[in-house]
Number of protein chains: 2
Amino acid sequence: MKIPSHLEALISALRCLPGVGPKSAQRMAYHLLQRDREGALLLAKSLAAAAQNIQHCTRCNNFSEHSVCSMCAADERDESLLCVVEMPADLLMMEQTLCYRGRYYVLMGRLSPLDGIGAKELHLDRLQKRVQEQLCEVILATNFTVEGDATAHYLAAMLQAQGIKVSRIARGLPVGGELEQVDAGTLAQAVMERREMAI
Amino acid sequence: MKIPSHLEALISALRCLPGVGPKSAQRMAYHLLQRDREGALLLAKSLAAAAQNIQHCTRCNNFSEHSVCSMCAADERDESLLCVVEMPADLLMMEQTLCYRGRYYVLMGRLSPLDGIGAKELHLDRLQKRVQEQLCEVILATNFTVEGDATAHYLAAMLQAQGIKVSRIARGLPVGGELEQVDAGTLAQAVMERREMAI
């Protein structure tokens with residue numbers, strides 16, 4: 001059977017979504033055409049509007065519709081703390097913990113020499129300039145991948161040379177985690193980074 | 001944190017996709033903006049083009065960009081067989097079996113009296129008119145749900161009254177299926193509809 005070419009193009013375009021393979025893309029395309037053409041048109045509009053209007057904040061790199069994002073413009077955030085994350089999605093996760101009220105800086109990537117991404121490509125001079133303002137502590141919240149860890153180490157050395165206190169978010173078992181189910185590497189780290197219990 | 005309004009709109013629009021809840025919609029939106037804005041724009045274009053250009057074939061109701069779809073226009077299909085399915089996605093599944101070379105008719109729904117969908121709403125008179133042409137057999141391939149089964153029974157009565165041979169696709173265990181894992185209803189049907197083995 002020859003599938004109509006617009007349908008084929010839609011199925012293939014849907015595969016740009018993360019976690020969507022050929023079978024789900026097909027199911028999504030048929031679903032939209034069979035039952036929700038209005039939804040499809042609204043999604044088309046939203047995609048175009050978001051891709052065109054959402055830029056990066058000139059201070060923290062987070063997604064923003066203005067040159068300075070609402071979080072950088074807000075007065076009530078703690079100016080003495082700066083949390084460094086890899087991507088805007090990581091910033092969102094941090095915010096959802098509701099436990100951090102300082103400022104952010106989004107790297108928009110991680111150091112990855114094999115892919116040709118070094119300090120220059122990440123524009124780390126912008127971060128260096130940013131932390132020249134009054135700051136008590138920089139919290140490194142890059143991922144615990146090989147590259148995220150390497151980035152954290154690089155940033156720690158760079159910022160400590162500027163005389164700034166640098167910390168890294170903790171590694172260990174997840175809340176509700178059981179020793180039996182966690183991988184050996186995580187458990188080993190949790191033992192090495194154990195903390196004295198204050199009672 | 002106030003999420004930019006275009007981003008919020010995109011996250012909510014992505015939820016029209018089947019199987020996409022709030023968390024995956026958020027992940028998809030961030031992925032597209034962080035890593036694949038071109039893909040997002042292409043998807044927007046494909047969605048709009050598909051929703052605007054894909055209509056239904058006037059003969060079989062399948063998706064088509066022309067008034068008669070490529071399958072109805074094709075010469076090599078067997079004119080003596082007509083397979084009736086509920087939706088275009090079902091037709092696609094039938095085609096993917098590669099075992100059927102006849103024509104199709106897509107009901108675009110099923111009888112569902114509780115939702116006010118009767119013979120009139122499904123335009124079954126169009127199907128009646130369609131089978132007046134030379135036909136050996138109509139194969140009913142509606143779903144094995146309560147409504148799909150009821151639809152099959154209604155169609156069988158209607159078409160047999162017109163003197164047409166009507167069959168229903170088989171119900172039973174899936175290929176590779178194990179008795180232990182199948183539900184009791186399916187197994188009961190498989191026993192009732194057992195076939196003599198020809199050796």
# chains A, B, ... in the order shown; residues from 1 in each chain; ligands from 1

call {"tool": "closest_atom_pairs", "arguments": {"of": "region 127-179 of chain B", "to": "region 187-196 of chain B", "cutoff": "12 Å", "atoms": "only C-alpha atoms", "output": "tab-separated table"}}
result
residue	atom	partner	partner_atom	distance
B:Phe144	CA	B:Gln189	CA	11.3
B:Arg168	CA	B:Glu193	CA	11.8
B:Ile169	CA	B:Glu193	CA	11.5
B:Ala170	CA	B:Glu193	CA	8.3
B:Arg171	CA	B:Ala190	CA	6.6
B:Gly172	CA	B:Ala190	CA	4.4
B:Leu173	CA	B:Ala190	CA	6.6
B:Pro174	CA	B:Ala190	CA	10.2
B:Gly177	CA	B:Leu187	CA	10.5
B:Glu178	CA	B:Leu187	CA	9.9
B:Leu179	CA	B:Leu187	CA	7.2

call {"tool": "write_last_selection", "arguments": {"atoms": "N, CA, C and O atoms", "output": "short mmCIF file (atom, residue, chain, number, x, y, z; two decimals), in the first residue's frame"}}
result
data_model
loop_
_atom_site.label_atom_id
_atom_site.label_comp_id
_atom_site.auth_asym_id
_atom_site.auth_seq_id
_atom_site.Cartn_x
_atom_site.Cartn_y
_atom_site.Cartn_z
N PHE B 144 -12.40 -7.05 18.16
CA PHE B 144 -13.12 -8.01 18.99
C PHE B 144 -13.51 -7.40 20.33
O PHE B 144 -13.42 -8.03 21.37
N ARG B 168 -15.84 -13.74 9.12
CA ARG B 168 -15.27 -12.93 10.21
C ARG B 168 -13.85 -13.42 10.43
O ARG B 168 -13.61 -14.64 10.40
N ILE B 169 -12.89 -12.52 10.65
CA ILE B 169 -11.53 -12.99 10.94
C ILE B 169 -11.55 -13.80 12.23
O ILE B 169 -12.42 -13.63 13.07
N ALA B 170 -10.57 -14.72 12.37
CA ALA B 170 -10.59 -15.68 13.47
C ALA B 170 -10.18 -15.07 14.79
O ALA B 170 -9.37 -14.14 14.85
N ARG B 171 -10.74 -15.65 15.84
CA ARG B 171 -10.40 -15.27 17.20
C ARG B 171 -9.66 -16.45 17.79
O ARG B 171 -9.98 -17.61 17.49
N GLY B 172 -8.66 -16.22 18.62
CA GLY B 172 -7.95 -17.34 19.21
C GLY B 172 -6.68 -16.87 19.87
O GLY B 172 -6.50 -15.69 20.15
N LEU B 173 -5.75 -17.81 20.09
CA LEU B 173 -4.49 -17.43 20.72
C LEU B 173 -3.59 -16.72 19.72
O LEU B 173 -3.62 -17.03 18.53
N PRO B 174 -2.78 -15.77 20.18
CA PRO B 174 -1.84 -15.13 19.26
C PRO B 174 -0.74 -16.10 18.83
O PRO B 174 -0.49 -17.09 19.52
N GLY B 177 1.66 -17.61 21.26
CA GLY B 177 0.97 -17.46 22.54
C GLY B 177 1.02 -18.74 23.37
O GLY B 177 1.04 -19.84 22.83
N GLU B 178 1.04 -18.58 24.69
CA GLU B 178 1.03 -19.72 25.59
C GLU B 178 -0.27 -19.73 26.37
O GLU B 178 -0.75 -18.68 26.79
N LEU B 179 -0.82 -20.93 26.57
CA LEU B 179 -2.10 -21.05 27.27
C LEU B 179 -2.08 -20.39 28.63
O LEU B 179 -3.05 -19.79 29.08
#

call {"tool": "closest_atom_pairs", "arguments": {"of": "region 92-197 of chain B", "to": "region 48-67 of chain B", "cutoff": "12 Å", "atoms": "only C-alpha atoms", "output": "JSON lines"}}
result
{"residue": "B:Leu92", "atom": "CA", "partner": "B:Asn62", "partner_atom": "CA", "distance": 9.5}
{"residue": "B:Arg103", "atom": "CA", "partner": "B:Cys60", "partner_atom": "CA", "distance": 8.4}
{"residue": "B:Tyr104", "atom": "CA", "partner": "B:Cys60", "partner_atom": "CA", "distance": 6.1}
{"residue": "B:Tyr105", "atom": "CA", "partner": "B:Cys60", "partner_atom": "CA", "distance": 4.5}
{"residue": "B:Val106", "atom": "CA", "partner": "B:Asn61", "partner_atom": "CA", "distance": 5.3}
{"residue": "B:Leu107", "atom": "CA", "partner": "B:Asn61", "partner_atom": "CA", "distance": 7.3}
{"residue": "B:Met108", "atom": "CA", "partner": "B:Asn61", "partner_atom": "CA", "distance": 7.2}
{"residue": "B:Gly109", "atom": "CA", "partner": "B:Asn61", "partner_atom": "CA", "distance": 10.9}
{"residue": "B:Leu122", "atom": "CA", "partner": "B:Asn61", "partner_atom": "CA", "distance": 11.4}
{"residue": "B:His123", "atom": "CA", "partner": "B:Asn61", "partner_atom": "CA", "distance": 11.2}
{"residue": "B:Arg126", "atom": "CA", "partner": "B:Arg59", "partner_atom": "CA", "distance": 8.9}
{"residue": "B:Leu127", "atom": "CA", "partner": "B:Cys60", "partner_atom": "CA", "distance": 8.9}
{"residue": "B:Lys129", "atom": "CA", "partner": "B:Arg59", "partner_atom": "CA", "distance": 10.6}
{"residue": "B:Arg130", "atom": "CA", "partner": "B:Arg59", "partner_atom": "CA", "distance": 8.1}
{"residue": "B:Val131", "atom": "CA", "partner": "B:Arg59", "partner_atom": "CA", "distance": 11.3}

call {"tool": "write_last_selection", "arguments": {"atoms": "all heavy atoms", "output": "compact mmCIF listing (two decimals), in the first residue's frame"}}
result
# COMPACT_ATOMS: atom_id res chain seq x y z
N LEU B 92 -4.20 -0.26 7.78
CA LEU B 92 -2.74 -0.31 7.68
C LEU B 92 -2.21 -1.62 8.28
O LEU B 92 -1.33 -2.27 7.72
CB LEU B 92 -2.14 0.89 8.42
CG LEU B 92 -0.63 1.00 8.39
CD1 LEU B 92 -0.13 1.29 6.98
CD2 LEU B 92 -0.14 2.09 9.33
N ARG B 103 -10.04 -5.63 -1.82
CA ARG B 103 -10.35 -4.22 -1.58
C ARG B 103 -10.71 -4.00 -0.10
O ARG B 103 -10.89 -4.96 0.64
CB ARG B 103 -11.52 -3.80 -2.46
CG ARG B 103 -11.30 -4.02 -3.94
CD ARG B 103 -10.46 -2.92 -4.53
NE ARG B 103 -10.29 -3.12 -5.98
CZ ARG B 103 -9.60 -2.29 -6.75
NH1 ARG B 103 -9.01 -1.24 -6.23
NH2 ARG B 103 -9.48 -2.52 -8.04
N TYR B 104 -10.86 -2.74 0.27
CA TYR B 104 -11.22 -2.40 1.65
C TYR B 104 -12.42 -1.48 1.72
O TYR B 104 -12.74 -0.78 0.75
CB TYR B 104 -10.06 -1.66 2.34
CG TYR B 104 -8.88 -2.53 2.68
CD1 TYR B 104 -7.77 -2.58 1.84
CD2 TYR B 104 -8.87 -3.28 3.85
CE1 TYR B 104 -6.69 -3.36 2.16
CE2 TYR B 104 -7.78 -4.07 4.18
CZ TYR B 104 -6.69 -4.10 3.32
OH TYR B 104 -5.62 -4.87 3.63
N TYR B 105 -13.05 -1.49 2.89
CA TYR B 105 -14.02 -0.46 3.20
C TYR B 105 -13.81 -0.07 4.67
O TYR B 105 -13.81 -0.94 5.55
CB TYR B 105 -15.46 -0.93 2.98
CG TYR B 105 -16.46 0.18 3.16
CD1 TYR B 105 -16.77 1.06 2.13
CD2 TYR B 105 -17.07 0.38 4.40
CE1 TYR B 105 -17.66 2.10 2.31
CE2 TYR B 105 -17.97 1.42 4.59
CZ TYR B 105 -18.26 2.27 3.54
OH TYR B 105 -19.13 3.32 3.71
N VAL B 106 -13.56 1.21 4.92
CA VAL B 106 -13.32 1.68 6.29
C VAL B 106 -14.59 2.30 6.83
O VAL B 106 -15.13 3.25 6.24
CB VAL B 106 -12.17 2.72 6.32
CG1 VAL B 106 -11.87 3.14 7.75
CG2 VAL B 106 -10.92 2.17 5.65
N LEU B 107 -15.11 1.76 7.94
CA LEU B 107 -16.37 2.26 8.50
C LEU B 107 -16.23 3.65 9.09
O LEU B 107 -17.20 4.40 9.17
CB LEU B 107 -16.86 1.31 9.61
CG LEU B 107 -17.29 -0.10 9.18
CD1 LEU B 107 -17.54 -0.95 10.41
CD2 LEU B 107 -18.56 -0.02 8.32
N MET B 108 -15.04 4.02 9.52
CA MET B 108 -14.80 5.25 10.29
C MET B 108 -15.62 5.23 11.57
O MET B 108 -16.28 6.22 11.93
CB MET B 108 -15.14 6.50 9.47
CG MET B 108 -14.18 6.77 8.32
SD MET B 108 -12.44 6.80 8.83
CE MET B 108 -12.40 8.21 9.94
N GLY B 109 -15.54 4.12 12.29
CA GLY B 109 -16.23 4.01 13.57
C GLY B 109 -16.81 2.63 13.75
O GLY B 109 -16.45 1.69 13.04
N LEU B 122 -23.20 5.82 10.77
CA LEU B 122 -22.05 5.19 10.11
C LEU B 122 -22.22 5.17 8.59
O LEU B 122 -21.36 4.68 7.87
CB LEU B 122 -21.86 3.76 10.61
CG LEU B 122 -21.06 3.55 11.89
CD1 LEU B 122 -20.84 2.06 12.12
CD2 LEU B 122 -19.72 4.27 11.83
N HIS B 123 -23.36 5.67 8.09
CA HIS B 123 -23.65 5.70 6.65
C HIS B 123 -23.51 4.30 6.03
O HIS B 123 -22.85 4.12 5.01
CB HIS B 123 -22.71 6.68 5.92
CG HIS B 123 -22.75 8.05 6.52
ND1 HIS B 123 -23.81 8.92 6.35
CD2 HIS B 123 -21.87 8.70 7.31
CE1 HIS B 123 -23.59 10.05 7.01
NE2 HIS B 123 -22.41 9.94 7.61
N ARG B 126 -24.02 3.45 2.34
CA ARG B 126 -22.92 3.55 1.36
C ARG B 126 -22.26 2.19 1.17
O ARG B 126 -21.89 1.81 0.06
CB ARG B 126 -21.87 4.55 1.86
CG ARG B 126 -22.30 6.00 1.69
CD ARG B 126 -21.16 6.93 2.02
NE ARG B 126 -19.98 6.64 1.23
CZ ARG B 126 -18.73 6.89 1.61
NH1 ARG B 126 -18.50 7.44 2.80
NH2 ARG B 126 -17.71 6.59 0.83
N LEU B 127 -22.10 1.44 2.29
CA LEU B 127 -21.51 0.10 2.19
C LEU B 127 -22.44 -0.82 1.41
O LEU B 127 -21.99 -1.58 0.54
CB LEU B 127 -21.25 -0.45 3.60
CG LEU B 127 -20.73 -1.88 3.70
CD1 LEU B 127 -19.41 -2.05 2.95
CD2 LEU B 127 -20.54 -2.31 5.15
N LYS B 129 -24.53 -0.04 -0.89
CA LYS B 129 -24.45 0.31 -2.30
C LYS B 129 -23.15 -0.24 -2.90
O LYS B 129 -23.14 -0.76 -4.02
CB LYS B 129 -24.45 1.84 -2.43
CG LYS B 129 -25.42 2.36 -3.47
CD LYS B 129 -25.69 3.82 -3.28
CE LYS B 129 -25.17 4.68 -4.43
NZ LYS B 129 -25.27 6.12 -4.08
N ARG B 130 -22.08 -0.14 -2.12
CA ARG B 130 -20.77 -0.60 -2.57
C ARG B 130 -20.79 -2.10 -2.90
O ARG B 130 -20.19 -2.53 -3.88
CB ARG B 130 -19.73 -0.30 -1.48
CG ARG B 130 -18.36 -0.91 -1.68
CD ARG B 130 -17.60 -0.17 -2.78
NE ARG B 130 -16.41 -0.90 -3.17
CZ ARG B 130 -15.22 -0.75 -2.61
NH1 ARG B 130 -15.05 0.13 -1.66
NH2 ARG B 130 -14.19 -1.47 -3.03
N VAL B 131 -21.45 -2.92 -2.07
CA VAL B 131 -21.41 -4.36 -2.28
C VAL B 131 -22.39 -4.84 -3.33
O VAL B 131 -22.48 -6.03 -3.60
CB VAL B 131 -21.65 -5.14 -0.96
CG1 VAL B 131 -20.55 -4.84 0.03
CG2 VAL B 131 -23.00 -4.83 -0.39

call {"tool": "residues_around", "arguments": {"residues": "Asp78 (chain B)", "least_positions_apart": "4", "cutoff": "10 Å", "atoms": "only C-alpha atoms", "output": "count of residues only"}}
result
7

call {"tool": "interface_residues", "arguments": {"of": "chain A", "to": "chain B", "cutoff": "8 Å", "atoms": "only C-alpha atoms", "output": "JSON, numbers by chain"}}
result
{"A": [1, 2, 4, 6, 7, 9, 10, 13, 14, 16, 17, 18, 27, 28, 30, 31, 32, 33, 34, 36, 37, 39, 40, 41, 42, 43, 44, 45, 46, 47, 48, 49, 50, 51, 53, 54, 63, 64, 65, 70, 71, 87, 88, 89, 95]}

call {"tool": "select_by_dssp", "arguments": {"residues": "region 6-192 of chain B", "states": "strand (DSSP E or B)", "output": "number ranges by chain"}}
result
B: 55-56, 63-64, 78-85, 102-106, 112, 117, 137-140, 165-168

call {"tool": "select_by_dssp", "arguments": {"residues": "region 55-189 of chain A", "states": "helix (DSSP H, G or I)", "output": "PyMOL selection string"}}
result
chain A and resi 70-73+88-96+113-115+124-130+146-161+179-181+184-189

call {"tool": "closest_residue", "arguments": {"among": "B:Leu114, B:Ile164, B:Val182, B:Val84", "to": "Ile139 (chain B)", "atoms": "only C-alpha atoms"}}
result
B:Val84

call {"tool": "closest_residue", "arguments": {"among": "B:Thr142, B:Gln160, B:Thr151, B:Ser167", "to": "Val85 (chain B)", "atoms": "only C-alpha atoms"}}
result
B:Thr142

call {"tool": "decode", "arguments": {"residues": "region 152-181 of chain B", "atoms": "N, CA, C and O atoms", "output": "PDB file, in the first residue's frame"}}
result
ATOM      1  N   ALA B 152     -20.043  -6.237  13.714  1.00  0.00           N
ATOM      2  CA  ALA B 152     -19.865  -7.359  12.795  1.00  0.00           C
ATOM      3  C   ALA B 152     -21.168  -8.135  12.628  1.00  0.00           C
ATOM      4  O   ALA B 152     -21.553  -8.504  11.514  1.00  0.00           O
ATOM      5  N   HIS B 153     -21.864  -8.364  13.749  1.00  0.00           N
ATOM      6  CA  HIS B 153     -23.125  -9.097  13.664  1.00  0.00           C
ATOM      7  C   HIS B 153     -24.158  -8.336  12.845  1.00  0.00           C
ATOM      8  O   HIS B 153     -24.866  -8.902  12.019  1.00  0.00           O
ATOM      9  N   TYR B 154     -24.241  -7.043  13.092  1.00  0.00           N
ATOM     10  CA  TYR B 154     -25.194  -6.217  12.348  1.00  0.00           C
ATOM     11  C   TYR B 154     -24.879  -6.258  10.854  1.00  0.00           C
ATOM     12  O   TYR B 154     -25.746  -6.462  10.014  1.00  0.00           O
ATOM     13  N   LEU B 155     -23.596  -6.104  10.525  1.00  0.00           N
ATOM     14  CA  LEU B 155     -23.194  -6.092   9.116  1.00  0.00           C
ATOM     15  C   LEU B 155     -23.438  -7.452   8.466  1.00  0.00           C
ATOM     16  O   LEU B 155     -23.878  -7.533   7.313  1.00  0.00           O
ATOM     17  N   ALA B 156     -23.169  -8.537   9.207  1.00  0.00           N
ATOM     18  CA  ALA B 156     -23.373  -9.880   8.657  1.00  0.00           C
ATOM     19  C   ALA B 156     -24.837 -10.070   8.266  1.00  0.00           C
ATOM     20  O   ALA B 156     -25.150 -10.530   7.157  1.00  0.00           O
ATOM     21  N   ALA B 157     -25.740  -9.672   9.189  1.00  0.00           N
ATOM     22  CA  ALA B 157     -27.178  -9.804   8.901  1.00  0.00           C
ATOM     23  C   ALA B 157     -27.556  -8.959   7.692  1.00  0.00           C
ATOM     24  O   ALA B 157     -28.251  -9.419   6.771  1.00  0.00           O
ATOM     25  N   MET B 158     -27.061  -7.731   7.671  1.00  0.00           N
ATOM     26  CA  MET B 158     -27.399  -6.801   6.591  1.00  0.00           C
ATOM     27  C   MET B 158     -26.918  -7.330   5.234  1.00  0.00           C
ATOM     28  O   MET B 158     -27.656  -7.308   4.245  1.00  0.00           O
ATOM     29  N   LEU B 159     -25.674  -7.827   5.202  1.00  0.00           N
ATOM     30  CA  LEU B 159     -25.084  -8.219   3.921  1.00  0.00           C
ATOM     31  C   LEU B 159     -25.606  -9.580   3.454  1.00  0.00           C
ATOM     32  O   LEU B 159     -25.804  -9.806   2.257  1.00  0.00           O
ATOM     33  N   GLN B 160     -25.849 -10.497   4.412  1.00  0.00           N
ATOM     34  CA  GLN B 160     -26.396 -11.797   4.027  1.00  0.00           C
ATOM     35  C   GLN B 160     -27.793 -11.632   3.437  1.00  0.00           C
ATOM     36  O   GLN B 160     -28.180 -12.368   2.529  1.00  0.00           O
ATOM     37  N   ALA B 161     -28.529 -10.644   3.956  1.00  0.00           N
ATOM     38  CA  ALA B 161     -29.856 -10.363   3.385  1.00  0.00           C
ATOM     39  C   ALA B 161     -29.734  -9.913   1.934  1.00  0.00           C
ATOM     40  O   ALA B 161     -30.664 -10.052   1.139  1.00  0.00           O
ATOM     41  N   GLN B 162     -28.571  -9.383   1.579  1.00  0.00           N
ATOM     42  CA  GLN B 162     -28.341  -8.984   0.184  1.00  0.00           C
ATOM     43  C   GLN B 162     -27.795 -10.148  -0.639  1.00  0.00           C
ATOM     44  O   GLN B 162     -27.438  -9.972  -1.798  1.00  0.00           O
ATOM     45  N   GLY B 163     -27.658 -11.333   0.029  1.00  0.00           N
ATOM     46  CA  GLY B 163     -27.193 -12.520  -0.691  1.00  0.00           C
ATOM     47  C   GLY B 163     -25.683 -12.596  -0.839  1.00  0.00           C
ATOM     48  O   GLY B 163     -25.161 -13.241  -1.751  1.00  0.00           O
ATOM     49  N   ILE B 164     -24.961 -11.941   0.067  1.00  0.00           N
ATOM     50  CA  ILE B 164     -23.503 -11.940  -0.038  1.00  0.00           C
ATOM     51  C   ILE B 164     -22.889 -12.853   1.015  1.00  0.00           C
ATOM     52  O   ILE B 164     -23.358 -12.917   2.153  1.00  0.00           O
ATOM     53  N   LYS B 165     -21.834 -13.564   0.657  1.00  0.00           N
ATOM     54  CA  LYS B 165     -21.121 -14.415   1.598  1.00  0.00           C
ATOM     55  C   LYS B 165     -20.309 -13.536   2.544  1.00  0.00           C
ATOM     56  O   LYS B 165     -19.548 -12.674   2.098  1.00  0.00           O
ATOM     57  N   VAL B 166     -20.495 -13.753   3.841  1.00  0.00           N
ATOM     58  CA  VAL B 166     -19.823 -12.920   4.829  1.00  0.00           C
ATOM     59  C   VAL B 166     -18.974 -13.790   5.748  1.00  0.00           C
ATOM     60  O   VAL B 166     -19.426 -14.846   6.194  1.00  0.00           O
ATOM     61  N   SER B 167     -17.733 -13.374   6.042  1.00  0.00           N
ATOM     62  CA  SER B 167     -16.907 -14.121   6.990  1.00  0.00           C
ATOM     63  C   SER B 167     -16.347 -13.149   8.030  1.00  0.00           C
ATOM     64  O   SER B 167     -16.361 -11.940   7.866  1.00  0.00           O
ATOM     65  N   ARG B 168     -15.837 -13.735   9.124  1.00  0.00           N
ATOM     66  CA  ARG B 168     -15.274 -12.926  10.209  1.00  0.00           C
ATOM     67  C   ARG B 168     -13.853 -13.421  10.434  1.00  0.00           C
ATOM     68  O   ARG B 168     -13.611 -14.637  10.399  1.00  0.00           O
ATOM     69  N   ILE B 169     -12.892 -12.523  10.649  1.00  0.00           N
ATOM     70  CA  ILE B 169     -11.526 -12.990  10.939  1.00  0.00           C
ATOM     71  C   ILE B 169     -11.547 -13.805  12.230  1.00  0.00           C
ATOM     72  O   ILE B 169     -12.415 -13.634  13.069  1.00  0.00           O
ATOM     73  N   ALA B 170     -10.573 -14.719  12.373  1.00  0.00           N
ATOM     74  CA  ALA B 170     -10.591 -15.684  13.471  1.00  0.00           C
ATOM     75  C   ALA B 170     -10.177 -15.067  14.793  1.00  0.00           C
ATOM     76  O   ALA B 170      -9.373 -14.137  14.848  1.00  0.00           O
ATOM     77  N   ARG B 171     -10.742 -15.651  15.844  1.00  0.00           N
ATOM     78  CA  ARG B 171     -10.402 -15.271  17.197  1.00  0.00           C
ATOM     79  C   ARG B 171      -9.661 -16.451  17.791  1.00  0.00           C
ATOM     80  O   ARG B 171      -9.982 -17.606  17.491  1.00  0.00           O
ATOM     81  N   GLY B 172      -8.661 -16.223  18.623  1.00  0.00           N
ATOM     82  CA  GLY B 172      -7.947 -17.345  19.213  1.00  0.00           C
ATOM     83  C   GLY B 172      -6.676 -16.873  19.867  1.00  0.00           C
ATOM     84  O   GLY B 172      -6.501 -15.686  20.147  1.00  0.00           O
ATOM     85  N   LEU B 173      -5.754 -17.808  20.088  1.00  0.00           N
ATOM     86  CA  LEU B 173      -4.491 -17.433  20.722  1.00  0.00           C
ATOM     87  C   LEU B 173      -3.590 -16.721  19.717  1.00  0.00           C
ATOM     88  O   LEU B 173      -3.622 -17.031  18.530  1.00  0.00           O
ATOM     89  N   PRO B 174      -2.781 -15.774  20.177  1.00  0.00           N
ATOM     90  CA  PRO B 174      -1.838 -15.125  19.255  1.00  0.00           C
ATOM     91  C   PRO B 174      -0.739 -16.098  18.835  1.00  0.00           C
ATOM     92  O   PRO B 174      -0.487 -17.088  19.523  1.00  0.00           O
ATOM     93  N   VAL B 175      -0.112 -15.810  17.713  1.00  0.00           N
ATOM     94  CA  VAL B 175       1.016 -16.622  17.271  1.00  0.00           C
ATOM     95  C   VAL B 175       2.114 -16.538  18.332  1.00  0.00           C
ATOM     96  O   VAL B 175       2.457 -15.451  18.799  1.00  0.00           O
ATOM     97  N   GLY B 176       2.635 -17.679  18.741  1.00  0.00           N
ATOM     98  CA  GLY B 176       3.635 -17.689  19.810  1.00  0.00           C
ATOM     99  C   GLY B 176       3.005 -17.634  21.192  1.00  0.00           C
ATOM    100  O   GLY B 176       3.709 -17.583  22.201  1.00  0.00           O
ATOM    101  N   GLY B 177       1.660 -17.609  21.259  1.00  0.00           N
ATOM    102  CA  GLY B 177       0.972 -17.462  22.537  1.00  0.00           C
ATOM    103  C   GLY B 177       1.020 -18.736  23.366  1.00  0.00           C
ATOM    104  O   GLY B 177       1.044 -19.837  22.825  1.00  0.00           O
ATOM    105  N   GLU B 178       1.039 -18.578  24.688  1.00  0.00           N
ATOM    106  CA  GLU B 178       1.031 -19.724  25.587  1.00  0.00           C
ATOM    107  C   GLU B 178      -0.272 -19.734  26.371  1.00  0.00           C
ATOM    108  O   GLU B 178      -0.750 -18.685  26.790  1.00  0.00           O
ATOM    109  N   LEU B 179      -0.823 -20.927  26.571  1.00  0.00           N
ATOM    110  CA  LEU B 179      -2.105 -21.051  27.266  1.00  0.00           C
ATOM    111  C   LEU B 179      -2.076 -20.392  28.631  1.00  0.00           C
ATOM    112  O   LEU B 179      -3.045 -19.794  29.080  1.00  0.00           O
ATOM    113  N   GLU B 180      -0.909 -20.513  29.295  1.00  0.00           N
ATOM    114  CA  GLU B 180      -0.807 -20.025  30.662  1.00  0.00           C
ATOM    115  C   GLU B 180      -0.948 -18.504  30.714  1.00  0.00           C
ATOM    116  O   GLU B 180      -1.337 -17.951  31.738  1.00  0.00           O
ATOM    117  N   GLN B 181      -0.596 -17.854  29.621  1.00  0.00           N
ATOM    118  CA  GLN B 181      -0.551 -16.403  29.669  1.00  0.00           C
ATOM    119  C   GLN B 181      -1.755 -15.714  29.055  1.00  0.00           C
ATOM    120  O   GLN B 181      -1.890 -14.498  29.132  1.00  0.00           O
TER     121      GLN B 181
END
